[in-house]
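Peer 1: I'm passing along protein39.pdb; it holds PDB, C-alpha atoms, pLDDT in the B column.
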ATOM      1  CA  MET A1313      -7.677 -63.682  46.040  1.00 45.00           C
ATOM      2  CA  ALA A1314      -7.982 -63.152  42.269  1.00 43.00           C
ATOM      3  CA  GLU A1315     -11.026 -65.424  42.219  1.00 44.00           C
ATOM      4  CA  GLN A1316     -12.571 -63.414  45.070  1.00 44.00           C
ATOM      5  CA  ARG A1317     -12.038 -60.170  43.139  1.00 42.00           C
ATOM      6  CA  ARG A1318     -13.647 -61.737  40.054  1.00 43.00           C
ATOM      7  CA  ASP A1319     -16.638 -62.808  42.153  1.00 44.00           C
ATOM      8  CA  GLN A1320     -16.973 -59.327  43.637  1.00 44.00           C
ATOM      9  CA  ARG A1321     -16.699 -57.728  40.198  1.00 44.00           C
ATOM     10  CA  GLY A1322     -19.240 -60.158  38.789  1.00 45.00           C
ATOM     11  CA  GLY A1323     -21.659 -59.414  41.605  1.00 44.00           C
ATOM     12  CA  ARG A1324     -21.257 -55.663  41.090  1.00 42.00           C
ATOM     13  CA  GLU A1325     -21.860 -56.000  37.332  1.00 41.00           C
ATOM     14  CA  ALA A1326     -24.935 -58.124  37.983  1.00 38.00           C
ATOM     15  CA  ARG A1327     -26.335 -55.464  40.326  1.00 37.00           C
ATOM     16  CA  GLU A1328     -25.684 -52.742  37.768  1.00 37.00           C
ATOM     17  CA  GLU A1329     -27.319 -54.771  34.988  1.00 35.00           C
ATOM     18  CA  SER A1330     -30.353 -55.416  37.183  1.00 31.00           C
ATOM     19  CA  GLN A1331     -30.954 -51.646  37.335  1.00 38.00           C
ATOM     20  CA  VAL A1332     -31.144 -51.339  33.543  1.00 40.00           C
ATOM     21  CA  VAL A1333     -34.512 -52.030  31.919  1.00 38.00           C
ATOM     22  CA  GLY A1334     -33.901 -51.071  28.315  1.00 40.00           C
ATOM     23  CA  VAL A1335     -31.356 -49.617  25.905  1.00 40.00           C
ATOM     24  CA  PRO A1336     -33.155 -47.387  23.367  1.00 42.00           C
ATOM     25  CA  SER A1337     -29.949 -45.539  22.492  1.00 48.00           C
ATOM     26  CA  GLY A1338     -26.621 -44.856  24.160  1.00 57.00           C
ATOM     27  CA  ARG A1339     -26.595 -45.950  27.778  1.00 72.00           C
ATOM     28  CA  GLY A1340     -29.272 -48.082  29.357  1.00 86.00           C
ATOM     29  CA  VAL A1341     -32.358 -46.727  31.070  1.00 91.00           C
ATOM     30  CA  LEU A1342     -32.212 -47.047  34.846  1.00 94.00           C
ATOM     31  CA  GLN A1343     -35.236 -48.308  36.729  1.00 95.00           C
ATOM     32  CA  GLU A1344     -35.713 -44.901  38.359  1.00 96.00           C
ATOM     33  CA  GLU A1345     -35.768 -43.303  34.908  1.00 97.00           C
ATOM     34  CA  ALA A1346     -38.211 -45.897  33.603  1.00 97.00           C
ATOM     35  CA  ARG A1347     -40.596 -45.194  36.485  1.00 97.00           C
ATOM     36  CA  ALA A1348     -40.196 -41.448  35.959  1.00 98.00           C
ATOM     37  CA  TRP A1349     -40.949 -41.864  32.248  1.00 98.00           C
ATOM     38  CA  GLU A1350     -44.225 -43.637  33.065  1.00 98.00           C
ATOM     39  CA  GLU A1351     -45.171 -40.760  35.351  1.00 98.00           C
ATOM     40  CA  LEU A1352     -44.205 -38.187  32.716  1.00 98.00           C
ATOM     41  CA  VAL A1353     -46.278 -39.876  29.997  1.00 98.00           C
ATOM     42  CA  ALA A1354     -49.268 -40.112  32.345  1.00 98.00           C
ATOM     43  CA  THR A1355     -49.045 -36.391  33.086  1.00 98.00           C
ATOM     44  CA  ALA A1356     -48.702 -35.517  29.395  1.00 97.00           C
ATOM     45  CA  ARG A1357     -51.828 -37.554  28.619  1.00 97.00           C
ATOM     46  CA  ARG A1358     -53.622 -35.811  31.476  1.00 97.00           C
ATOM     47  CA  THR A1359     -52.996 -32.403  29.891  1.00 97.00           C
ATOM     48  CA  VAL A1360     -54.862 -33.613  26.816  1.00 96.00           C
ATOM     49  CA  ALA A1361     -57.679 -35.271  28.763  1.00 96.00           C
ATOM     50  CA  ASP A1362     -58.241 -32.117  30.816  1.00 97.00           C
ATOM     51  CA  GLY A1363     -58.294 -29.860  27.768  1.00 96.00           C
ATOM     52  CA  LEU A1364     -55.066 -28.006  28.517  1.00 97.00           C
ATOM     53  CA  VAL A1365     -53.441 -29.263  25.330  1.00 95.00           C
ATOM     54  CA  VAL A1366     -54.681 -30.093  21.833  1.00 93.00           C
ATOM     55  CA  GLY A1367     -52.834 -32.698  19.765  1.00 88.00           C
ATOM     56  CA  THR A1368     -49.094 -32.554  20.411  1.00 88.00           C
ATOM     57  CA  SER A1369     -48.991 -28.946  21.624  1.00 92.00           C
ATOM     58  CA  GLY A1370     -47.432 -28.428  25.047  1.00 95.00           C
ATOM     59  CA  ASN A1371     -44.743 -30.569  26.644  1.00 97.00           C
ATOM     60  CA  VAL A1372     -43.580 -32.025  29.961  1.00 98.00           C
ATOM     61  CA  SER A1373     -40.194 -32.658  31.546  1.00 98.00           C
ATOM     62  CA  LEU A1374     -38.974 -34.423  34.683  1.00 98.00           C
ATOM     63  CA  ARG A1375     -35.445 -34.349  36.064  1.00 98.00           C
ATOM     64  CA  VAL A1376     -33.839 -37.523  37.406  1.00 98.00           C
ATOM     65  CA  GLY A1377     -30.370 -36.760  38.719  1.00 95.00           C
ATOM     66  CA  GLY A1378     -28.476 -35.047  35.918  1.00 95.00           C
ATOM     67  CA  THR A1379     -30.857 -36.292  33.229  1.00 97.00           C
ATOM     68  CA  VAL A1380     -33.954 -34.416  32.071  1.00 98.00           C
ATOM     69  CA  LEU A1381     -36.642 -36.680  30.629  1.00 98.00           C
ATOM     70  CA  VAL A1382     -38.800 -34.822  28.090  1.00 98.00           C
ATOM     71  CA  THR A1383     -41.716 -35.522  25.801  1.00 98.00           C
ATOM     72  CA  PRO A1384     -40.529 -35.972  22.199  1.00 98.00           C
ATOM     73  CA  SER A1385     -41.415 -33.578  19.393  1.00 97.00           C
ATOM     74  CA  GLY A1386     -44.589 -34.188  17.378  1.00 95.00           C
ATOM     75  CA  VAL A1387     -45.536 -37.569  18.866  1.00 96.00           C
ATOM     76  CA  PRO A1388     -49.112 -37.963  20.182  1.00 95.00           C
ATOM     77  CA  TYR A1389     -48.944 -38.826  23.860  1.00 96.00           C
ATOM     78  CA  ASP A1390     -51.217 -41.847  23.517  1.00 95.00           C
ATOM     79  CA  ARG A1391     -48.626 -43.451  21.244  1.00 95.00           C
ATOM     80  CA  LEU A1392     -45.698 -43.158  23.655  1.00 96.00           C
ATOM     81  CA  THR A1393     -44.419 -46.467  25.034  1.00 95.00           C
ATOM     82  CA  PRO A1394     -41.782 -47.451  27.618  1.00 94.00           C
ATOM     83  CA  ASP A1395     -39.316 -47.861  24.733  1.00 93.00           C
ATOM     84  CA  ASP A1396     -39.702 -44.192  23.753  1.00 96.00           C
ATOM     85  CA  VAL A1397     -37.790 -42.795  26.745  1.00 97.00           C
ATOM     86  CA  THR A1398     -36.269 -39.478  25.668  1.00 98.00           C
ATOM     87  CA  GLY A1399     -33.701 -37.728  27.829  1.00 98.00           C
ATOM     88  CA  VAL A1400     -31.015 -35.054  27.669  1.00 98.00           C
ATOM     89  CA  ASP A1401     -28.366 -33.744  30.011  1.00 97.00           C
ATOM     90  CA  LEU A1402     -28.505 -30.195  31.352  1.00 97.00           C
ATOM     91  CA  ASP A1403     -26.513 -28.993  28.336  1.00 97.00           C
ATOM     92  CA  GLY A1404     -29.141 -30.389  25.989  1.00 97.00           C
ATOM     93  CA  ARG A1405     -27.127 -33.356  24.724  1.00 97.00           C
ATOM     94  CA  GLN A1406     -29.366 -36.359  24.143  1.00 97.00           C
ATOM     95  CA  VAL A1407     -28.394 -39.264  26.379  1.00 96.00           C
ATOM     96  CA  LEU A1408     -31.509 -41.451  26.145  1.00 97.00           C
ATOM     97  CA  GLY A1409     -33.635 -42.511  23.202  1.00 95.00           C
ATOM     98  CA  THR A1410     -33.744 -41.841  19.474  1.00 95.00           C
ATOM     99  CA  LEU A1411     -36.805 -39.583  19.246  1.00 97.00           C
ATOM    100  CA  VAL A1412     -36.128 -35.856  18.831  1.00 97.00           C
ATOM    101  CA  PRO A1413     -36.835 -33.991  22.107  1.00 98.00           C
ATOM    102  CA  THR A1414     -39.540 -31.342  22.301  1.00 97.00           C
ATOM    103  CA  SER A1415     -38.910 -28.142  20.344  1.00 97.00           C
ATOM    104  CA  GLU A1416     -39.378 -26.231  23.614  1.00 98.00           C
ATOM    105  CA  LEU A1417     -36.312 -27.867  25.144  1.00 98.00           C
ATOM    106  CA  PRO A1418     -34.577 -24.467  25.705  1.00 98.00           C
ATOM    107  CA  MET A1419     -37.395 -23.382  28.040  1.00 98.00           C
ATOM    108  CA  HIS A1420     -37.381 -26.633  29.999  1.00 98.00           C
ATOM    109  CA  LEU A1421     -33.610 -26.627  30.413  1.00 98.00           C
ATOM    110  CA  ALA A1422     -33.611 -22.967  31.449  1.00 98.00           C
ATOM    111  CA  VAL A1423     -35.998 -23.805  34.297  1.00 98.00           C
ATOM    112  CA  HIS A1424     -34.082 -26.915  35.374  1.00 98.00           C
ATOM    113  CA  ARG A1425     -30.757 -25.056  35.347  1.00 97.00           C
ATOM    114  CA  THR A1426     -31.867 -21.985  37.299  1.00 97.00           C
ATOM    115  CA  THR A1427     -34.470 -23.242  39.793  1.00 96.00           C
ATOM    116  CA  ASP A1428     -34.918 -26.153  42.175  1.00 94.00           C
ATOM    117  CA  ALA A1429     -37.580 -27.571  39.865  1.00 97.00           C
ATOM    118  CA  ARG A1430     -37.794 -31.294  39.278  1.00 98.00           C
ATOM    119  CA  ALA A1431     -40.803 -31.090  36.972  1.00 98.00           C
ATOM    120  CA  VAL A1432     -41.997 -28.624  34.310  1.00 98.00           C
ATOM    121  CA  VAL A1433     -45.337 -28.492  32.476  1.00 98.00           C
ATOM    122  CA  HIS A1434     -45.994 -26.306  29.417  1.00 98.00           C
ATOM    123  CA  THR A1435     -49.463 -26.045  27.861  1.00 98.00           C
ATOM    124  CA  HIS A1436     -51.484 -24.049  25.352  1.00 98.00           C
ATOM    125  CA  ALA A1437     -54.470 -23.768  27.704  1.00 98.00           C
ATOM    126  CA  VAL A1438     -57.229 -21.710  26.058  1.00 98.00           C
ATOM    127  CA  HIS A1439     -58.151 -19.224  28.791  1.00 98.00           C
ATOM    128  CA  ALA A1440     -54.572 -18.669  29.879  1.00 98.00           C
ATOM    129  CA  THR A1441     -53.454 -18.073  26.313  1.00 98.00           C
ATOM    130  CA  ALA A1442     -56.344 -15.639  25.811  1.00 98.00           C
ATOM    131  CA  VAL A1443     -55.299 -13.663  28.893  1.00 98.00           C
ATOM    132  CA  SER A1444     -51.698 -13.581  27.641  1.00 98.00           C
ATOM    133  CA  THR A1445     -52.905 -11.527  24.651  1.00 98.00           C
ATOM    134  CA  LEU A1446     -54.691  -8.934  26.811  1.00 98.00           C
ATOM    135  CA  VAL A1447     -52.471  -7.966  29.750  1.00 98.00           C
ATOM    136  CA  THR A1448     -48.857  -7.990  30.907  1.00 98.00           C
ATOM    137  CA  GLU A1449     -49.817  -9.507  34.263  1.00 98.00           C
ATOM    138  CA  LEU A1450     -52.822 -11.550  35.358  1.00 98.00           C
ATOM    139  CA  PRO A1451     -54.799  -9.326  37.780  1.00 97.00           C
ATOM    140  CA  ALA A1452     -55.040 -10.656  41.345  1.00 97.00           C
ATOM    141  CA  ILE A1453     -58.561 -12.012  40.909  1.00 97.00           C
ATOM    142  CA  HIS A1454     -58.215 -14.766  43.519  1.00 97.00           C
ATOM    143  CA  TYR A1455     -56.119 -15.440  46.611  1.00 96.00           C
ATOM    144  CA  MET A1456     -54.539 -18.499  44.963  1.00 95.00           C
ATOM    145  CA  THR A1457     -52.459 -15.940  43.079  1.00 97.00           C
ATOM    146  CA  GLU A1458     -50.155 -16.058  46.089  1.00 96.00           C
ATOM    147  CA  ALA A1459     -49.752 -19.833  45.770  1.00 95.00           C
ATOM    148  CA  LEU A1460     -47.864 -19.161  42.531  1.00 97.00           C
ATOM    149  CA  GLY A1461     -45.578 -16.623  44.210  1.00 96.00           C
ATOM    150  CA  GLY A1462     -47.625 -13.516  43.424  1.00 96.00           C
ATOM    151  CA  PRO A1463     -49.314 -11.904  40.422  1.00 96.00           C
ATOM    152  CA  VAL A1464     -48.555 -14.009  37.375  1.00 98.00           C
ATOM    153  CA  ARG A1465     -46.496 -12.174  34.763  1.00 98.00           C
ATOM    154  CA  VAL A1466     -46.728 -12.496  30.985  1.00 98.00           C
ATOM    155  CA  ALA A1467     -43.434 -13.192  29.199  1.00 98.00           C
ATOM    156  CA  PRO A1468     -43.124 -11.084  26.012  1.00 98.00           C
ATOM    157  CA  TYR A1469     -43.671 -12.983  22.788  1.00 98.00           C
ATOM    158  CA  ALA A1470     -40.787 -14.690  21.017  1.00 98.00           C
ATOM    159  CA  THR A1471     -40.664 -17.512  18.463  1.00 98.00           C
ATOM    160  CA  TYR A1472     -41.340 -20.926  19.981  1.00 97.00           C
ATOM    161  CA  GLY A1473     -38.268 -23.017  20.729  1.00 97.00           C
ATOM    162  CA  SER A1474     -35.970 -19.970  20.734  1.00 98.00           C
ATOM    163  CA  ASP A1475     -33.405 -18.925  23.329  1.00 98.00           C
ATOM    164  CA  GLU A1476     -35.122 -15.523  23.377  1.00 98.00           C
ATOM    165  CA  LEU A1477     -38.362 -17.118  24.529  1.00 98.00           C
ATOM    166  CA  ALA A1478     -36.511 -19.051  27.223  1.00 98.00           C
ATOM    167  CA  GLU A1479     -34.914 -15.834  28.491  1.00 98.00           C
ATOM    168  CA  ASN A1480     -38.231 -13.954  28.469  1.00 98.00           C
ATOM    169  CA  MET A1481     -39.807 -16.825  30.389  1.00 98.00           C
ATOM    170  CA  LEU A1482     -37.077 -16.832  33.055  1.00 98.00           C
ATOM    171  CA  GLN A1483     -37.596 -13.137  33.718  1.00 98.00           C
ATOM    172  CA  ALA A1484     -41.343 -13.652  34.066  1.00 98.00           C
ATOM    173  CA  LEU A1485     -40.725 -16.565  36.452  1.00 98.00           C
ATOM    174  CA  SER A1486     -38.526 -14.544  38.823  1.00 98.00           C
ATOM    175  CA  ASP A1487     -39.860 -15.338  42.338  1.00 96.00           C
ATOM    176  CA  ARG A1488     -42.776 -17.181  40.736  1.00 98.00           C
ATOM    177  CA  SER A1489     -43.575 -20.831  40.031  1.00 98.00           C
ATOM    178  CA  ALA A1490     -45.677 -20.125  36.921  1.00 98.00           C
ATOM    179  CA  CYS A1491     -46.023 -17.571  34.143  1.00 98.00           C
ATOM    180  CA  LEU A1492     -47.930 -16.880  30.959  1.00 99.00           C
ATOM    181  CA  LEU A1493     -46.269 -16.770  27.548  1.00 98.00           C
ATOM    182  CA  GLN A1494     -47.692 -14.044  25.333  1.00 98.00           C
ATOM    183  CA  ASN A1495     -49.803 -15.423  22.449  1.00 98.00           C
ATOM    184  CA  HIS A1496     -48.548 -18.877  23.386  1.00 98.00           C
ATOM    185  CA  GLY A1497     -49.565 -20.530  26.659  1.00 98.00           C
ATOM    186  CA  THR A1498     -48.425 -21.386  30.177  1.00 98.00           C
ATOM    187  CA  MET A1499     -45.280 -22.542  31.949  1.00 98.00           C
ATOM    188  CA  ALA A1500     -45.246 -23.935  35.489  1.00 98.00           C
ATOM    189  CA  TYR A1501     -42.793 -25.944  37.552  1.00 98.00           C
ATOM    190  CA  GLY A1502     -42.702 -27.807  40.834  1.00 98.00           C
ATOM    191  CA  ALA A1503     -40.937 -30.330  43.012  1.00 98.00           C
ATOM    192  CA  THR A1504     -43.105 -33.068  41.488  1.00 98.00           C
ATOM    193  CA  LEU A1505     -45.121 -33.548  38.327  1.00 98.00           C
ATOM    194  CA  ASP A1506     -48.318 -33.414  40.360  1.00 98.00           C
ATOM    195  CA  GLN A1507     -47.325 -30.036  41.787  1.00 98.00           C
ATOM    196  CA  ALA A1508     -46.319 -28.625  38.407  1.00 98.00           C
ATOM    197  CA  TYR A1509     -49.562 -29.895  36.884  1.00 98.00           C
ATOM    198  CA  ASP A1510     -51.705 -28.538  39.733  1.00 98.00           C
ATOM    199  CA  ARG A1511     -50.107 -25.108  39.339  1.00 98.00           C
ATOM    200  CA  THR A1512     -50.835 -25.223  35.616  1.00 98.00           C
ATOM    201  CA  ALA A1513     -54.471 -26.129  36.214  1.00 98.00           C
ATOM    202  CA  GLN A1514     -54.796 -23.456  38.898  1.00 98.00           C
ATOM    203  CA  LEU A1515     -53.405 -20.816  36.546  1.00 98.00           C
ATOM    204  CA  GLU A1516     -55.832 -21.806  33.792  1.00 98.00           C
ATOM    205  CA  TRP A1517     -58.730 -21.647  36.283  1.00 98.00           C
ATOM    206  CA  MET A1518     -57.752 -18.165  37.474  1.00 98.00           C
ATOM    207  CA  CYS A1519     -57.471 -16.940  33.892  1.00 98.00           C
ATOM    208  CA  ARG A1520     -60.921 -18.306  33.137  1.00 98.00           C
ATOM    209  CA  LEU A1521     -62.263 -16.650  36.295  1.00 98.00           C
ATOM    210  CA  TRP A1522     -60.828 -13.257  35.362  1.00 98.00           C
ATOM    211  CA  LEU A1523     -62.103 -13.453  31.789  1.00 98.00           C
ATOM    212  CA  THR A1524     -65.575 -14.418  33.022  1.00 98.00           C
ATOM    213  CA  ALA A1525     -65.760 -11.609  35.599  1.00 97.00           C
ATOM    214  CA  SER A1526     -64.362  -9.061  33.151  1.00 97.00           C
ATOM    215  CA  SER A1527     -66.964  -9.912  30.535  1.00 97.00           C
ATOM    216  CA  VAL A1528     -69.933  -8.549  32.552  1.00 97.00           C
ATOM    217  CA  PRO A1529     -71.009  -5.268  30.896  1.00 97.00           C
ATOM    218  CA  GLY A1530     -70.648  -2.157  33.052  1.00 97.00           C
ATOM    219  CA  LEU A1531     -68.838  -3.916  35.890  1.00 96.00           C
ATOM    220  CA  SER A1532     -65.198  -4.518  36.772  1.00 95.00           C
ATOM    221  CA  PRO A1533     -64.068  -7.374  39.021  1.00 96.00           C
ATOM    222  CA  SER A1534     -62.711  -6.490  42.445  1.00 97.00           C
ATOM    223  CA  LEU A1535     -59.034  -7.357  42.861  1.00 97.00           C
ATOM    224  CA  LEU A1536     -56.946  -8.275  45.881  1.00 96.00           C
ATOM    225  CA  SER A1537     -54.401  -5.824  47.245  1.00 96.00           C
ATOM    226  CA  ALA A1538     -50.728  -6.572  47.851  1.00 94.00           C
ATOM    227  CA  GLU A1539     -51.434  -6.582  51.603  1.00 95.00           C
ATOM    228  CA  GLN A1540     -54.244  -9.082  51.214  1.00 95.00           C
ATOM    229  CA  LEU A1541     -51.983 -11.343  49.192  1.00 94.00           C
ATOM    230  CA  ARG A1542     -49.258 -11.099  51.846  1.00 93.00           C
ATOM    231  CA  GLU A1543     -51.762 -12.250  54.474  1.00 94.00           C
ATOM    232  CA  VAL A1544     -52.654 -15.207  52.274  1.00 93.00           C
ATOM    233  CA  GLY A1545     -48.978 -16.018  51.889  1.00 89.00           C
ATOM    234  CA  GLU A1546     -48.627 -16.314  55.661  1.00 89.00           C
ATOM    235  CA  LYS A1547     -51.578 -18.696  55.857  1.00 88.00           C
ATOM    236  CA  LEU A1548     -50.404 -20.808  52.948  1.00 84.00           C
ATOM    237  CA  ARG A1549     -47.114 -21.525  54.709  1.00 80.00           C
ATOM    238  CA  GLY A1550     -49.048 -23.527  57.285  1.00 62.00           C
ATOM    239  CA  TYR A1551     -51.510 -25.069  54.845  1.00 60.00           C
ATOM    240  CA  GLY A1552     -52.030 -28.816  54.565  1.00 56.00           C
ATOM    241  CA  GLN A1553     -51.379 -31.834  56.736  1.00 51.00           C
ATOM    242  CA  ARG A1554     -48.537 -31.873  59.231  1.00 59.00           C
ATOM    243  CA  GLY A1555     -46.093 -34.595  60.065  1.00 55.00           C
TER
END
Go ahead and express the file in the form of structure tokens.
Peer 2:
Amino acid sequence: MAEQRRDQRGGREAREESQVVGVPSGRGVLQEEARAWEELVATARRTVADGLVVGTSGNVSLRVGGTVLVTPSGVPYDRLTPDDVTGVDLDGRQVLGTLVPTSELPMHLAVHRTTDARAVVHTHAVHATAVSTLVTELPAIHYMTEALGGPVRVAPYATYGSDELAENMLQALSDRSACLLQNHGTMAYGATLDQAYDRTAQLEWMCRLWLTASSVPGLSPSLLSAEQLREVGEKLRGYGQRG
């Protein structure tokens, strides 16, 4: 009987060890976390390739269970490797890696704590940041406004990395999946990294559209009404493939 228990314990330990792919710091990195880290790094590099981020500005996070994987502070994305996994718990305590997490960790954690988000993307996209300096809400220039929950609000300015900025952002995100940060950039979240990224790109495109239309001398762009946006919302609920 004792030998049987030892065999069972040994088998259980072997299964647990097989799920660990590296031990940068503290506990080991589970396979699910390793795969998520690869996806996170790919998305971070995409923000640079698509011109939404310059250098190490902006950051990305992805939640796996109770752990939030985040891009580290000040490290170019093309230098990140599988051994650089950086993760914190929902209280901000580092549980994976040795690199310092992004300075915007308070914003990421605020989103993960208060929404059903699994992924968050923050950028310093040029057109979106420009709009954030001009208005308190992005005018409803296109029907995709409704895909983000409604007219996109601008969170009042606060120092980067501060709890005040995180609080301002949460208020701007109320009933929305994206917002602008005054004199700073964008924040968007989603159920997946692809969704969070697509919302970020869509927001930047709408900001560029509004700036372009507004720049024509003597003319003002037509805007969509609240009723028109509600109609779009109804259609969007049935959008895409079924089954």
Peer 1: What does the distance from CA of Ala1452 (chain A) to CA of Asp1428 (chain A) come to in Å, to one decimal?
Peer 2: 25.4 Å
Peer 1: Restricting the calculation to only C-alpha atoms, which member of A:Ala1429, A:Val1341, A:Leu1392, A:Leu1531 is positioned closest to Ala1500 (chain A)?
Peer 2: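 Comparing A:Ala1429, A:Val1341, A:Leu1392, A:Leu1531 against Ala1500 (chain A), the winner is A:Ala1429.
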Peer 1: If I take CA of Val1407 (chain A) and CA of Gln1343 (chain A), how far is one from the other in Å, to one decimal?
Peer 2: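 It comes out at 15.4 Å.
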Peer 1: With only C-alpha atoms as the counted atoms, please give the residues lying no more than 10 Å from Met1456 (chain A), apart from itself and same-chain residues fewer than 2 positions off, as a list of chain:residue names.
Peer 2: A:Ala1452, A:Ile1453, A:His1454, A:Glu1458, A:Ala1459, A:Leu1460, A:Gly1461, A:Gly1462, A:Pro1463, A:Arg1511, A:Gln1514, A:Leu1515, A:Met1518, A:Leu1541, A:Val1544, A:Gly1545, A:Leu1548
Peer 1: I'd like to know which of A:Thr1504, A:Leu1521, A:Pro1388, A:Arg1430 is closest to Pro1451 (chain A), using only C-alpha atoms.
Peer 2: A:Leu1521
Peer 1: Run through the PyMOL selection byres ((chain A and resi 1438-1450) around 9) on the given coordinates and return the selected residues as an NGL selection string.
Peer 2: :A and (1363-1365 or 1436-1437 or 1451-1453 or 1457 or 1463-1468 or 1491-1498 or 1515-1523)
Peer 1: For CA of Gly1473 (chain A) and CA of Pro1413 (chain A), determine how far apart the two atoms are, in Å to one decimal place.
Peer 2: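 Taking CA of Gly1473 (chain A) and CA of Pro1413 (chain A), their separation equals 11.2 Å.
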Peer 1: Of the candidates A:Ala1346, A:Ala1490, A:Leu1421, A:Ala1354, which one gets nearest to Gly1409 (chain A) if we count all atoms listed in the file?
Peer 2: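 Among the listed residues, the smallest separation from Gly1409 (chain A) belongs to A:Ala1346.
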Peer 1: Which is closest to Arg1339 (chain A) among A:Ser1474, A:Gln1406, A:Thr1414, A:Asn1371, if we use all atoms listed in the file?
Peer 2: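 Among A:Ser1474, A:Gln1406, A:Thr1414, A:Asn1371, it is A:Gln1406 that comes nearest to Arg1339 (chain A).
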Peer 1: Name the residues that the PyMOL selection byres ((chain A and resi 1393) around 12) picks from the file above, as JSON, numbers by chain, using the file's chain letters and numbers.
Peer 2: {"A": [1334, 1336, 1346, 1349, 1350, 1351, 1352, 1353, 1354, 1383, 1384, 1387, 1388, 1389, 1390, 1391, 1392, 1394, 1395, 1396, 1397, 1398, 1409, 1411]}
Peer 1: Using all atoms of region 1390-1394 of chain A listed in the file and a margin of 4 Å per side, can you give the axis-aligned box centre and edge lengths in Å to one decimal, as lines of an AutoDock Vina configuration file?
Peer 2:
center_x = -46.5
center_y = -44.6
center_z = 24.4
size_x = 17.4
size_y = 13.6
size_z = 14.4
Peer 1: Considering only C-alpha atoms, can you say which of A:Arg1347, A:Arg1357, A:Arg1405, A:Lys1547 comes closest to Val1376 (chain A)?
Peer 2: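 Looking only at the distances to Val1376 (chain A), the closest residue turns out to be A:Arg1347.
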Peer 1: Can you fill out region 1433-1447 of chain A with N, CA and C atoms and hand it back as a PDB file, in the coordinates of the input?
Peer 2:
ATOM      1  N   VAL A1433     -44.200 -28.237  33.362  1.00 98.00           N
ATOM      2  CA  VAL A1433     -45.337 -28.492  32.476  1.00 98.00           C
ATOM      3  C   VAL A1433     -45.609 -27.235  31.653  1.00 98.00           C
ATOM      4  N   HIS A1434     -45.675 -27.407  30.338  1.00 98.00           N
ATOM      5  CA  HIS A1434     -45.994 -26.306  29.417  1.00 98.00           C
ATOM      6  C   HIS A1434     -47.241 -26.680  28.638  1.00 98.00           C
ATOM      7  N   THR A1435     -48.227 -25.765  28.597  1.00 98.00           N
ATOM      8  CA  THR A1435     -49.463 -26.045  27.861  1.00 98.00           C
ATOM      9  C   THR A1435     -49.861 -24.855  27.002  1.00 98.00           C
ATOM     10  N   HIS A1436     -50.861 -25.106  26.153  1.00 98.00           N
ATOM     11  CA  HIS A1436     -51.484 -24.049  25.352  1.00 98.00           C
ATOM     12  C   HIS A1436     -52.926 -23.860  25.822  1.00 98.00           C
ATOM     13  N   ALA A1437     -53.133 -23.877  27.122  1.00 98.00           N
ATOM     14  CA  ALA A1437     -54.470 -23.768  27.704  1.00 98.00           C
ATOM     15  C   ALA A1437     -55.208 -22.544  27.160  1.00 98.00           C
ATOM     16  N   VAL A1438     -56.473 -22.728  26.788  1.00 98.00           N
ATOM     17  CA  VAL A1438     -57.229 -21.710  26.058  1.00 98.00           C
ATOM     18  C   VAL A1438     -57.377 -20.399  26.829  1.00 98.00           C
ATOM     19  N   HIS A1439     -57.884 -20.457  28.052  1.00 98.00           N
ATOM     20  CA  HIS A1439     -58.151 -19.224  28.791  1.00 98.00           C
ATOM     21  C   HIS A1439     -56.856 -18.505  29.165  1.00 98.00           C
ATOM     22  N   ALA A1440     -55.853 -19.269  29.539  1.00 98.00           N
ATOM     23  CA  ALA A1440     -54.572 -18.669  29.879  1.00 98.00           C
ATOM     24  C   ALA A1440     -53.938 -18.000  28.671  1.00 98.00           C
ATOM     25  N   THR A1441     -54.015 -18.664  27.528  1.00 98.00           N
ATOM     26  CA  THR A1441     -53.454 -18.073  26.313  1.00 98.00           C
ATOM     27  C   THR A1441     -54.218 -16.818  25.926  1.00 98.00           C
ATOM     28  N   ALA A1442     -55.540 -16.831  26.096  1.00 98.00           N
ATOM     29  CA  ALA A1442     -56.344 -15.639  25.811  1.00 98.00           C
ATOM     30  C   ALA A1442     -55.910 -14.468  26.693  1.00 98.00           C
ATOM     31  N   VAL A1443     -55.731 -14.723  27.976  1.00 98.00           N
ATOM     32  CA  VAL A1443     -55.299 -13.663  28.893  1.00 98.00           C
ATOM     33  C   VAL A1443     -53.927 -13.126  28.496  1.00 98.00           C
ATOM     34  N   SER A1444     -53.052 -14.009  28.014  1.00 98.00           N
ATOM     35  CA  SER A1444     -51.698 -13.581  27.641  1.00 98.00           C
ATOM     36  C   SER A1444     -51.701 -12.570  26.507  1.00 98.00           C
ATOM     37  N   THR A1445     -52.804 -12.490  25.761  1.00 98.00           N
ATOM     38  CA  THR A1445     -52.905 -11.527  24.651  1.00 98.00           C
ATOM     39  C   THR A1445     -53.495 -10.196  25.092  1.00 98.00           C
ATOM     40  N   LEU A1446     -53.964 -10.117  26.346  1.00 98.00           N
ATOM     41  CA  LEU A1446     -54.691  -8.934  26.811  1.00 98.00           C
ATOM     42  C   LEU A1446     -53.934  -8.072  27.808  1.00 98.00           C
ATOM     43  N   VAL A1447     -53.122  -8.696  28.655  1.00 98.00           N
ATOM     44  CA  VAL A1447     -52.471  -7.966  29.750  1.00 98.00           C
ATOM     45  C   VAL A1447     -51.001  -8.383  29.860  1.00 98.00           C
TER      46      VAL A1447
END
